[in-house]
$ cat final-v8.txt   # compact mmCIF, C-alpha atoms
# COMPACT_ATOMS: atom_id res chain seq x y z
CA MET W 1404 -88.43 29.46 -105.77
CA ASN W 1405 -89.39 29.41 -109.47
CA LYS W 1406 -88.37 32.33 -111.59
CA LEU W 1407 -89.69 33.45 -114.95
CA SER W 1408 -87.15 32.95 -117.70
CA PRO W 1409 -85.93 36.34 -119.02
CA ASN W 1410 -85.59 34.77 -122.47
CA LYS W 1411 -89.22 33.71 -122.69
CA PRO W 1412 -91.78 36.51 -122.93
CA THR W 1413 -94.98 35.65 -121.13
CA THR W 1414 -98.50 36.43 -122.29
CA LEU W 1415 -101.15 36.82 -119.64
CA SER W 1416 -104.65 35.79 -120.58
CA SER W 1417 -107.14 38.61 -120.31
CA LEU W 1418 -110.01 38.38 -117.84
CA VAL W 1419 -113.46 38.35 -119.43
CA GLU W 1420 -116.69 38.78 -117.49
CA VAL W 1421 -119.19 35.97 -117.79
CA ARG W 1422 -122.47 37.09 -119.40
CA PRO W 1423 -125.82 35.38 -120.01
CA MET W 1424 -126.95 34.41 -123.51
CA LEU W 1425 -130.53 33.97 -124.67
CA MET W 1426 -131.49 32.35 -127.99
CA LEU W 1427 -134.93 32.81 -129.55
CA THR W 1428 -136.42 30.06 -131.71
CA GLY W 1429 -139.87 29.58 -133.21
CA PHE W 1430 -141.58 28.98 -136.53
CA LEU W 1431 -141.81 31.57 -139.29
CA GLY W 1432 -143.82 34.59 -138.13
CA ALA W 1433 -144.32 33.34 -134.58
CA GLY W 1434 -143.35 36.73 -133.12
CA LYS W 1435 -139.67 36.33 -132.25
CA THR W 1436 -138.65 39.84 -133.30
CA THR W 1437 -141.60 41.37 -131.45
CA LEU W 1438 -140.59 39.55 -128.25
CA LEU W 1439 -136.96 40.56 -128.81
CA ARG W 1440 -137.93 44.22 -129.19
CA GLN W 1441 -139.99 44.10 -125.98
CA LEU W 1442 -137.19 42.34 -124.11
CA LEU W 1443 -134.64 44.93 -125.20
CA ASP W 1444 -136.87 47.71 -123.86
CA HIS W 1445 -137.31 45.90 -120.53
CA LEU W 1446 -133.55 45.38 -120.25
CA ALA W 1447 -132.90 49.05 -121.03
CA SER W 1448 -135.28 50.06 -118.24
CA ARG W 1449 -133.10 47.97 -115.93
CA GLU W 1450 -130.00 49.75 -117.29
CA HIS W 1451 -128.67 46.76 -119.22
CA LEU W 1452 -127.37 46.98 -122.80
CA ALA W 1453 -127.58 43.95 -125.10
CA ASP W 1454 -125.71 42.76 -128.16
CA VAL W 1455 -127.99 41.13 -130.73
CA ILE W 1456 -127.34 38.63 -133.52
CA LEU W 1457 -130.12 38.23 -136.09
CA ASN W 1458 -130.36 35.38 -138.57
CA ASP W 1459 -132.85 35.37 -141.45
CA MET W 1460 -133.19 33.20 -144.53
CA GLU W 1461 -133.57 36.14 -146.88
CA ASN W 1462 -132.81 39.57 -145.43
CA ALA W 1463 -131.92 40.09 -141.78
CA TYR W 1464 -131.14 43.76 -142.40
CA ILE W 1465 -134.79 44.84 -142.35
CA ASP W 1466 -135.31 43.50 -138.82
CA ARG W 1467 -131.91 44.89 -137.83
CA GLU W 1468 -133.08 48.40 -138.60
CA THR W 1469 -136.18 47.96 -136.40
CA LEU W 1470 -133.92 47.06 -133.46
CA LYS W 1471 -131.02 49.49 -133.81
CA ASP W 1472 -132.59 52.03 -131.46
CA HIS W 1473 -133.15 49.33 -128.82
CA ALA W 1474 -129.82 47.44 -128.68
CA ALA W 1475 -126.18 48.34 -128.11
CA ASN W 1476 -125.13 46.47 -131.24
CA VAL W 1477 -127.03 44.46 -133.86
CA ALA W 1478 -125.21 42.04 -136.19
CA ALA W 1479 -127.02 40.34 -139.08
CA LEU W 1480 -126.41 36.95 -140.68
CA THR W 1481 -128.46 36.64 -143.86
CA GLY W 1482 -129.16 33.85 -146.29
CA SER W 1483 -127.66 30.99 -144.29
CA CYS W 1484 -129.11 28.07 -142.40
CA VAL W 1485 -127.22 28.47 -139.12
CA CYS W 1486 -127.51 24.77 -138.35
CA CYS W 1487 -125.91 23.85 -141.68
CA GLU W 1488 -123.88 26.05 -144.04
CA GLY W 1489 -124.07 29.12 -141.79
CA HIS W 1490 -123.21 27.24 -138.61
CA HIS W 1491 -119.51 28.14 -138.55
CA ASP W 1492 -120.26 31.82 -139.28
CA LEU W 1493 -122.74 32.07 -136.41
CA VAL W 1494 -120.37 30.41 -133.93
CA ASN W 1495 -117.64 32.86 -134.96
CA MET W 1496 -120.07 35.77 -134.44
CA ILE W 1497 -120.94 34.45 -130.98
CA LEU W 1498 -117.26 34.08 -130.10
CA LYS W 1499 -116.68 37.68 -131.11
CA ALA W 1500 -119.74 38.90 -129.20
CA SER W 1501 -118.65 36.99 -126.10
CA GLU W 1502 -115.80 39.51 -125.72
CA SER W 1503 -118.20 42.46 -125.57
CA LYS W 1504 -118.46 44.68 -122.50
CA HIS W 1505 -122.26 44.83 -122.74
CA SER W 1506 -124.54 42.98 -120.33
CA VAL W 1507 -126.10 40.17 -122.36
CA LEU W 1508 -126.11 38.48 -125.78
CA LEU W 1509 -129.45 37.86 -127.52
CA ILE W 1510 -129.72 35.69 -130.65
CA GLU W 1511 -132.75 35.33 -132.92
CA LEU W 1512 -132.64 32.31 -135.23
CA ASN W 1513 -134.55 32.14 -138.50
CA GLY W 1514 -137.95 30.47 -138.45
CA THR W 1515 -136.79 27.15 -139.91
CA ALA W 1516 -133.62 26.67 -137.84
CA ASP W 1517 -132.84 23.51 -135.90
CA PRO W 1518 -131.34 24.57 -132.53
CA VAL W 1519 -129.90 21.15 -131.66
CA PRO W 1520 -126.58 21.45 -133.60
CA LEU W 1521 -126.05 24.87 -132.02
CA GLN W 1522 -126.65 23.53 -128.51
CA GLU W 1523 -124.11 20.78 -129.24
CA SER W 1524 -121.56 23.37 -130.37
CA PHE W 1525 -122.14 25.50 -127.28
CA THR W 1526 -121.32 22.47 -125.14
CA LEU W 1527 -118.15 21.69 -127.11
CA LEU W 1528 -116.99 25.31 -126.86
CA GLU W 1529 -118.03 25.85 -123.24
CA SER W 1530 -114.60 27.16 -122.21
CA LYS W 1531 -114.44 29.66 -125.08
CA PHE W 1532 -117.91 31.24 -125.02
CA CYS W 1533 -117.87 32.69 -121.47
CA LEU W 1534 -121.64 32.93 -121.85
CA ARG W 1535 -123.59 31.55 -118.90
CA PRO W 1536 -126.35 30.83 -118.24
CA ARG W 1537 -127.53 29.98 -121.76
CA TRP W 1538 -131.29 29.86 -122.25
CA GLN W 1539 -133.42 29.01 -125.27
CA VAL W 1540 -136.86 30.59 -125.56
CA CYS W 1541 -139.26 29.12 -128.12
CA VAL W 1542 -141.97 31.50 -129.31
CA ILE W 1543 -145.30 29.73 -129.88
CA ASP W 1544 -147.91 31.32 -132.17
CA ALA W 1545 -151.29 30.56 -130.59
CA ARG W 1546 -153.02 30.99 -133.96
CA HIS W 1547 -151.04 28.35 -135.83
CA PHE W 1548 -149.43 25.96 -133.31
CA ARG W 1549 -149.64 22.35 -134.53
CA LYS W 1550 -151.48 23.53 -137.64
CA ARG W 1551 -148.38 23.51 -139.87
CA LYS W 1552 -149.44 20.26 -141.58
CA ARG W 1553 -146.29 18.51 -142.82
CA PHE W 1554 -144.09 21.08 -141.02
CA ASN W 1555 -145.44 20.25 -137.54
CA ASP W 1556 -142.30 18.20 -136.85
CA LEU W 1557 -140.10 21.19 -137.63
CA GLU W 1558 -142.07 23.33 -135.17
CA SER W 1559 -141.75 20.61 -132.52
CA LEU W 1560 -138.00 20.42 -133.13
CA GLN W 1561 -137.65 24.10 -132.20
CA LEU W 1562 -139.55 23.56 -128.94
CA GLU W 1563 -137.97 20.31 -127.72
CA THR W 1564 -134.70 21.84 -126.48
CA ALA W 1565 -136.18 25.08 -125.09
CA SER W 1566 -135.74 26.07 -121.45
CA HIS W 1567 -138.65 28.53 -121.75
CA TYR W 1568 -141.56 29.21 -124.09
CA HIS W 1569 -143.49 32.38 -124.85
CA ILE W 1570 -147.03 32.39 -126.28
CA SER W 1571 -147.76 35.08 -128.84
CA TRP W 1572 -151.18 36.05 -130.18
CA GLY W 1573 -152.81 34.45 -127.15
CA ALA W 1574 -154.88 37.40 -125.90
CA GLU W 1575 -158.09 36.19 -127.57
CA LEU W 1576 -157.87 32.58 -126.38
CA THR W 1577 -160.59 31.28 -124.08
CA GLU W 1578 -159.50 29.53 -120.86
CA SER W 1579 -160.26 26.18 -122.48
CA GLU W 1580 -158.29 27.01 -125.63
CA GLU W 1581 -155.35 28.23 -123.57
CA ALA W 1582 -155.38 25.05 -121.49
CA ASP W 1583 -155.40 22.91 -124.65
CA LEU W 1584 -152.49 24.93 -126.03
CA GLU W 1585 -150.52 24.49 -122.80
CA ASP W 1586 -151.20 20.73 -122.88
CA GLY W 1587 -149.92 20.55 -126.46
CA ILE W 1588 -146.74 22.41 -125.53
CA LYS W 1589 -146.11 20.26 -122.46
CA ALA W 1590 -146.61 17.09 -124.52
CA ILE W 1591 -143.58 18.13 -126.57
CA ASN W 1592 -141.46 19.65 -123.78
CA SER W 1593 -142.63 19.20 -120.20
CA ARG W 1594 -139.50 20.85 -118.74
CA ALA W 1595 -139.88 24.30 -120.32
CA SER W 1596 -141.50 27.09 -118.32
CA ARG W 1597 -143.78 29.78 -119.71
CA THR W 1598 -142.36 33.28 -119.75
CA THR W 1599 -142.87 36.87 -120.91
CA ALA W 1600 -140.55 39.71 -121.90
CA SER W 1601 -140.78 41.17 -118.39
CA LEU W 1602 -140.06 37.84 -116.67
CA LEU W 1603 -137.12 37.20 -118.98
CA ALA W 1604 -135.72 40.65 -118.24
CA ASP W 1605 -136.01 39.98 -114.50
CA ALA W 1606 -134.24 36.62 -114.85
CA LEU W 1607 -131.49 38.11 -117.02
CA ASP W 1608 -131.08 40.98 -114.55
CA GLN W 1609 -130.48 38.48 -111.75
CA ALA W 1610 -128.05 36.49 -113.89
CA ILE W 1611 -126.13 39.63 -114.88
CA ARG W 1612 -125.82 40.76 -111.27
CA GLY W 1613 -124.71 37.29 -110.22
CA ASN W 1614 -122.14 37.12 -113.01
CA LEU W 1615 -120.55 40.40 -111.89
CA ARG W 1616 -118.73 38.38 -109.26
CA HIS W 1617 -117.12 36.14 -111.87
CA ALA W 1618 -114.49 36.55 -114.56
CA VAL W 1619 -112.60 33.92 -116.53
CA ALA W 1620 -109.22 33.86 -118.22
CA LYS W 1621 -109.53 33.95 -121.98
CA SER W 1622 -106.76 33.87 -124.53
CA ALA W 1623 -106.70 36.61 -127.13
CA SER W 1624 -106.32 33.94 -129.82
CA THR W 1625 -109.68 32.29 -129.14
CA ARG W 1626 -111.17 32.94 -132.60
CA ASP W 1627 -107.97 31.82 -134.34
CA ASP W 1628 -107.93 28.67 -132.23
CA PHE W 1629 -111.54 27.98 -133.23
CA ALA W 1630 -110.82 28.51 -136.92
CA ALA W 1631 -107.99 25.99 -136.73
CA SER W 1632 -109.77 23.55 -134.42
CA LYS W 1633 -110.86 20.05 -135.33
CA PHE W 1634 -114.24 20.28 -133.61
CA ASP W 1635 -116.95 18.56 -135.64
CA LEU W 1636 -119.67 21.21 -135.50
CA SER W 1637 -121.78 19.82 -138.32
CA PRO W 1638 -125.27 18.44 -137.62
CA LYS W 1639 -125.37 14.70 -136.90
CA SER W 1640 -127.70 14.19 -139.85
CA LYS W 1641 -127.75 10.38 -139.58
CA THR W 1642 -129.92 10.47 -136.47
CA PRO W 1643 -133.73 10.45 -136.73
CA HIS W 1644 -133.86 13.71 -134.78
CA HIS W 1645 -131.91 15.61 -137.39
CA ASN W 1646 -133.74 13.98 -140.27
CA ARG W 1647 -136.66 16.21 -139.33
CA HIS W 1648 -134.45 19.21 -140.02
CA LYS W 1649 -134.50 18.27 -143.70
CA LEU W 1650 -137.95 19.89 -143.73
CA ALA W 1651 -136.22 23.25 -143.26
CA HIS W 1652 -134.46 22.85 -146.59
CA GLU W 1653 -137.75 22.83 -148.43
CA PHE W 1654 -138.07 26.54 -147.65
CA THR W 1655 -136.72 29.19 -149.98
CA GLY W 1656 -136.83 32.97 -150.00
CA CYS W 1657 -136.80 35.89 -152.39
CA SER W 1658 -136.78 39.66 -152.10
CA ILE W 1659 -138.14 42.52 -154.20
CA ILE W 1660 -137.09 46.17 -154.24
CA PHE W 1661 -139.86 48.80 -154.13
CA PRO W 1662 -139.72 52.28 -155.61
CA GLU W 1663 -140.33 55.10 -153.16
CA PRO W 1664 -142.97 55.98 -152.15
CA VAL W 1665 -145.80 53.41 -152.21
CA GLU W 1666 -149.37 54.45 -151.43
CA SER W 1667 -150.56 52.97 -148.13
CA SER W 1668 -153.96 52.05 -149.59
CA ARG W 1669 -152.28 49.60 -151.98
CA VAL W 1670 -150.34 47.58 -149.43
CA ALA W 1671 -153.19 45.63 -147.78
CA ASN W 1672 -154.65 44.47 -151.13
CA TRP W 1673 -151.19 43.43 -152.26
CA LEU W 1674 -150.54 41.38 -149.11
CA GLU W 1675 -153.95 39.69 -149.46
CA GLU W 1676 -153.26 38.60 -153.05
CA LEU W 1677 -149.84 37.09 -152.38
CA PRO W 1678 -150.03 33.33 -153.03
CA VAL W 1679 -150.64 30.85 -150.20
CA SER W 1680 -147.13 29.47 -150.78
CA VAL W 1681 -145.84 32.62 -149.04
CA ILE W 1682 -145.78 31.55 -145.39
CA ARG W 1683 -143.99 34.70 -144.22
CA ALA W 1684 -143.87 38.16 -145.81
CA LYS W 1685 -142.32 41.41 -144.58
CA ALA W 1686 -142.40 44.72 -146.41
CA LEU W 1687 -140.45 47.86 -145.57
CA VAL W 1688 -142.36 50.70 -147.24
CA SER W 1689 -142.19 54.47 -147.57
CA HIS W 1690 -145.44 56.42 -147.99
CA GLY W 1691 -143.82 59.68 -149.04
CA GLU W 1692 -144.18 61.38 -145.65
CA GLY W 1693 -140.54 62.39 -145.63
CA ALA W 1694 -137.18 60.71 -145.60
CA GLU W 1695 -137.42 59.99 -141.86
CA HIS W 1696 -140.47 57.70 -142.00
CA ARG W 1697 -140.86 54.07 -143.05
CA TYR W 1698 -143.28 51.32 -142.12
CA LEU W 1699 -142.87 47.57 -141.67
CA TYR W 1700 -145.85 45.49 -142.85
CA GLU W 1701 -146.12 41.77 -142.10
CA ARG W 1702 -148.13 38.71 -143.14
CA VAL W 1703 -147.99 35.27 -141.50
CA GLY W 1704 -149.79 32.62 -143.50
CA GLN W 1705 -152.98 34.39 -144.58
CA VAL W 1706 -153.04 36.70 -141.53
CA ILE W 1707 -151.99 40.33 -142.05
CA SER W 1708 -150.80 42.31 -139.04
CA PRO W 1709 -153.45 44.91 -138.18
CA SER W 1710 -151.08 47.89 -138.25
CA PRO W 1711 -147.54 48.47 -139.55
CA ILE W 1712 -144.58 49.27 -137.32
CA SER W 1713 -143.25 52.80 -137.74
CA MET W 1714 -139.48 53.10 -137.94
CA ARG W 1715 -136.87 55.62 -138.97
CA ALA W 1716 -135.38 55.34 -142.43
CA VAL W 1717 -131.82 54.20 -143.03
CA ALA W 1718 -130.24 54.90 -146.41
CA LYS W 1719 -128.34 51.61 -146.53
CA VAL W 1720 -131.55 49.55 -146.39
CA PRO W 1721 -133.82 50.06 -149.42
CA CYS W 1722 -137.58 49.79 -149.27
CA SER W 1723 -138.21 46.16 -150.09
CA GLY W 1724 -140.16 43.00 -149.37
CA ILE W 1725 -138.99 39.55 -148.34
CA PHE W 1726 -140.96 36.35 -148.89
CA ILE W 1727 -140.37 32.87 -147.44
CA GLY W 1728 -142.18 29.64 -148.22
CA ALA W 1729 -141.81 26.02 -149.26
CA GLU W 1730 -142.85 26.31 -152.90
CA LEU W 1731 -142.28 29.92 -153.91
CA ASP W 1732 -142.63 31.18 -157.47
CA PRO W 1733 -140.61 34.45 -157.42
CA GLU W 1734 -141.84 35.54 -160.85
CA ASP W 1735 -145.47 35.23 -159.75
CA ILE W 1736 -144.74 37.22 -156.57
CA LEU W 1737 -143.03 39.92 -158.65
CA ARG W 1738 -146.00 40.08 -161.04
CA ILE W 1739 -148.47 40.58 -158.16
CA THR W 1740 -146.18 43.15 -156.55
CA GLN W 1741 -145.85 45.17 -159.76
CA LYS W 1742 -149.62 45.04 -160.26
CA HIS W 1743 -150.48 46.39 -156.81
CA LEU W 1744 -147.54 48.53 -155.73
CA HIS W 1745 -145.64 49.84 -158.75
CA PRO W 1746 -144.60 48.56 -162.20
CA ASP W 1747 -140.97 49.40 -161.39
CA CYS W 1748 -140.69 46.87 -158.55
CA HIS W 1749 -137.80 44.52 -159.31
CA PHE W 1750 -135.53 41.81 -157.94
CA PRO W 1751 -132.27 43.02 -156.38
CA GLU W 1752 -129.33 43.18 -158.72
CA GLN W 1753 -126.96 40.26 -158.28

$ encode --input "final-v8.txt" --output "structure tokens"
Amino acid sequence: MNKLSPNKPTTLSSLVEVRPMLMLTGFLGAGKTTLLRQLLDHLASREHLADVILNDMENAYIDRETLKDHAANVAALTGSCVCCEGHHDLVNMILKASESKHSVLLIELNGTADPVPLQESFTLLESKFCLRPRWQVCVIDARHFRKRKRFNDLESLQLETASHYHISWGAELTESEEADLEDGIKAINSRASRTTASLLADALDQAIRGNLRHAVAKSASTRDDFAASKFDLSPKSKTPHHNRHKLAHEFTGCSIIFPEPVESSRVANWLEELPVSVIRAKALVSHGEGAEHRYLYERVGQVISPSPISMRAVAKVPCSGIFIGAELDPEDILRITQKHLHPDCHFPEQ
């Protein structure tokens, strides 16, 4: 009979419940955050709490504030391409989140991200994540799909590895237009299935209930092991597939701080005059109705959202705008912003 040596202290690995993970991809302004917000509400109605990781090229903290009332925890990763220089940071955040006691992990990638290097990393670190099943949902904007000109390949890249797809802005499509859109999606990824926030919540609910029967042993040193590991988690940039990701590096971002308040009548004219180089714009604005009220305005391409999203104010996040595009001129954007909103608008202090 074997006996434990009294001179060797033993460390028992803790048991960690397996949880599902869902990753949202899609081009700039496709509607990922809107779908995420809807999904969080559906999960809450089924008594499931989610941890969320948000990634944005310029300022993930604005979207984080719109989700804080919907999720158990929201972590933000700003200013990094998660398939390149921010890759290691995101994997570390996922490893940390995988130890959470909440029901599910939801990740929203920025609108130019290549999901392939992340999927490769998830496979390499299968034993450490404890996150199963892992699904990728690509959000397709019915207004702009395959109309990105030289960025069509980047949009296709985000769809190719998806297990599901969700169509946004599709309510006004005719049957013929919807069929053509479906054909275009299937030509890129015939394996993915169409879904909605409600269907995703149902599928996650089933996965969560199934996972309750399972737990895995996980060492407390997982994150330290990862930091010291020799895994090659960098994109395999020599392959033709990843060459298309170079398109993502043509995008840049900038942000501008607004004084408080800004008159609501000025915002629409300002958004309309922003240059065409701005592919995605978000603006968190106060109209002077009290410290509790702020509004999120959005523009995708030349299309302005018909009504802003009302949200509660948070002192740590100033009223500001973020702008993303391939050939931005920040000084021109600042000039237009000062003209329409307030002469005291300025870039954030470095």

$ atom_distance --input "final-v8.txt" --atom1 "CA of Ala1478 (chain W)" --atom2 "CA of Leu1512 (chain W)"
12.3 Å

$ closest_residue --input "final-v8.txt" --among "W:Thr1740, W:Ser1596, W:Thr1515, W:Gln1539" --to "Glu1653 (chain W)" --atoms "all atoms listed in the file"
W:Thr1515

$ residues_around --input "final-v8.txt" --residues "Arg1702 (chain W)" --least-positions-apart "6" --cutoff "12 Å" --atoms "only C-alpha atoms" --output "PyMOL selection string"
chain W and resi 1431-1434+1670-1679+1681-1686+1708-1711+1724-1728

$ closest_residue --input "final-v8.txt" --among "W:Pro1520, W:Pro1721, W:Pro1536, W:Gly1489" --to "Glu1468 (chain W)" --atoms "all atoms listed in the file"
W:Pro1721

$ atom_distance --input "final-v8.txt" --atom1 "CA of Leu1457 (chain W)" --atom2 "CA of Leu1731 (chain W)"
23.1 Å

$ closest_residue --input "final-v8.txt" --among "W:Glu1450, W:Ser1579, W:Thr1428, W:Ile1543" --to "Asp1517 (chain W)" --atoms "all atoms listed in the file"
W:Thr1428
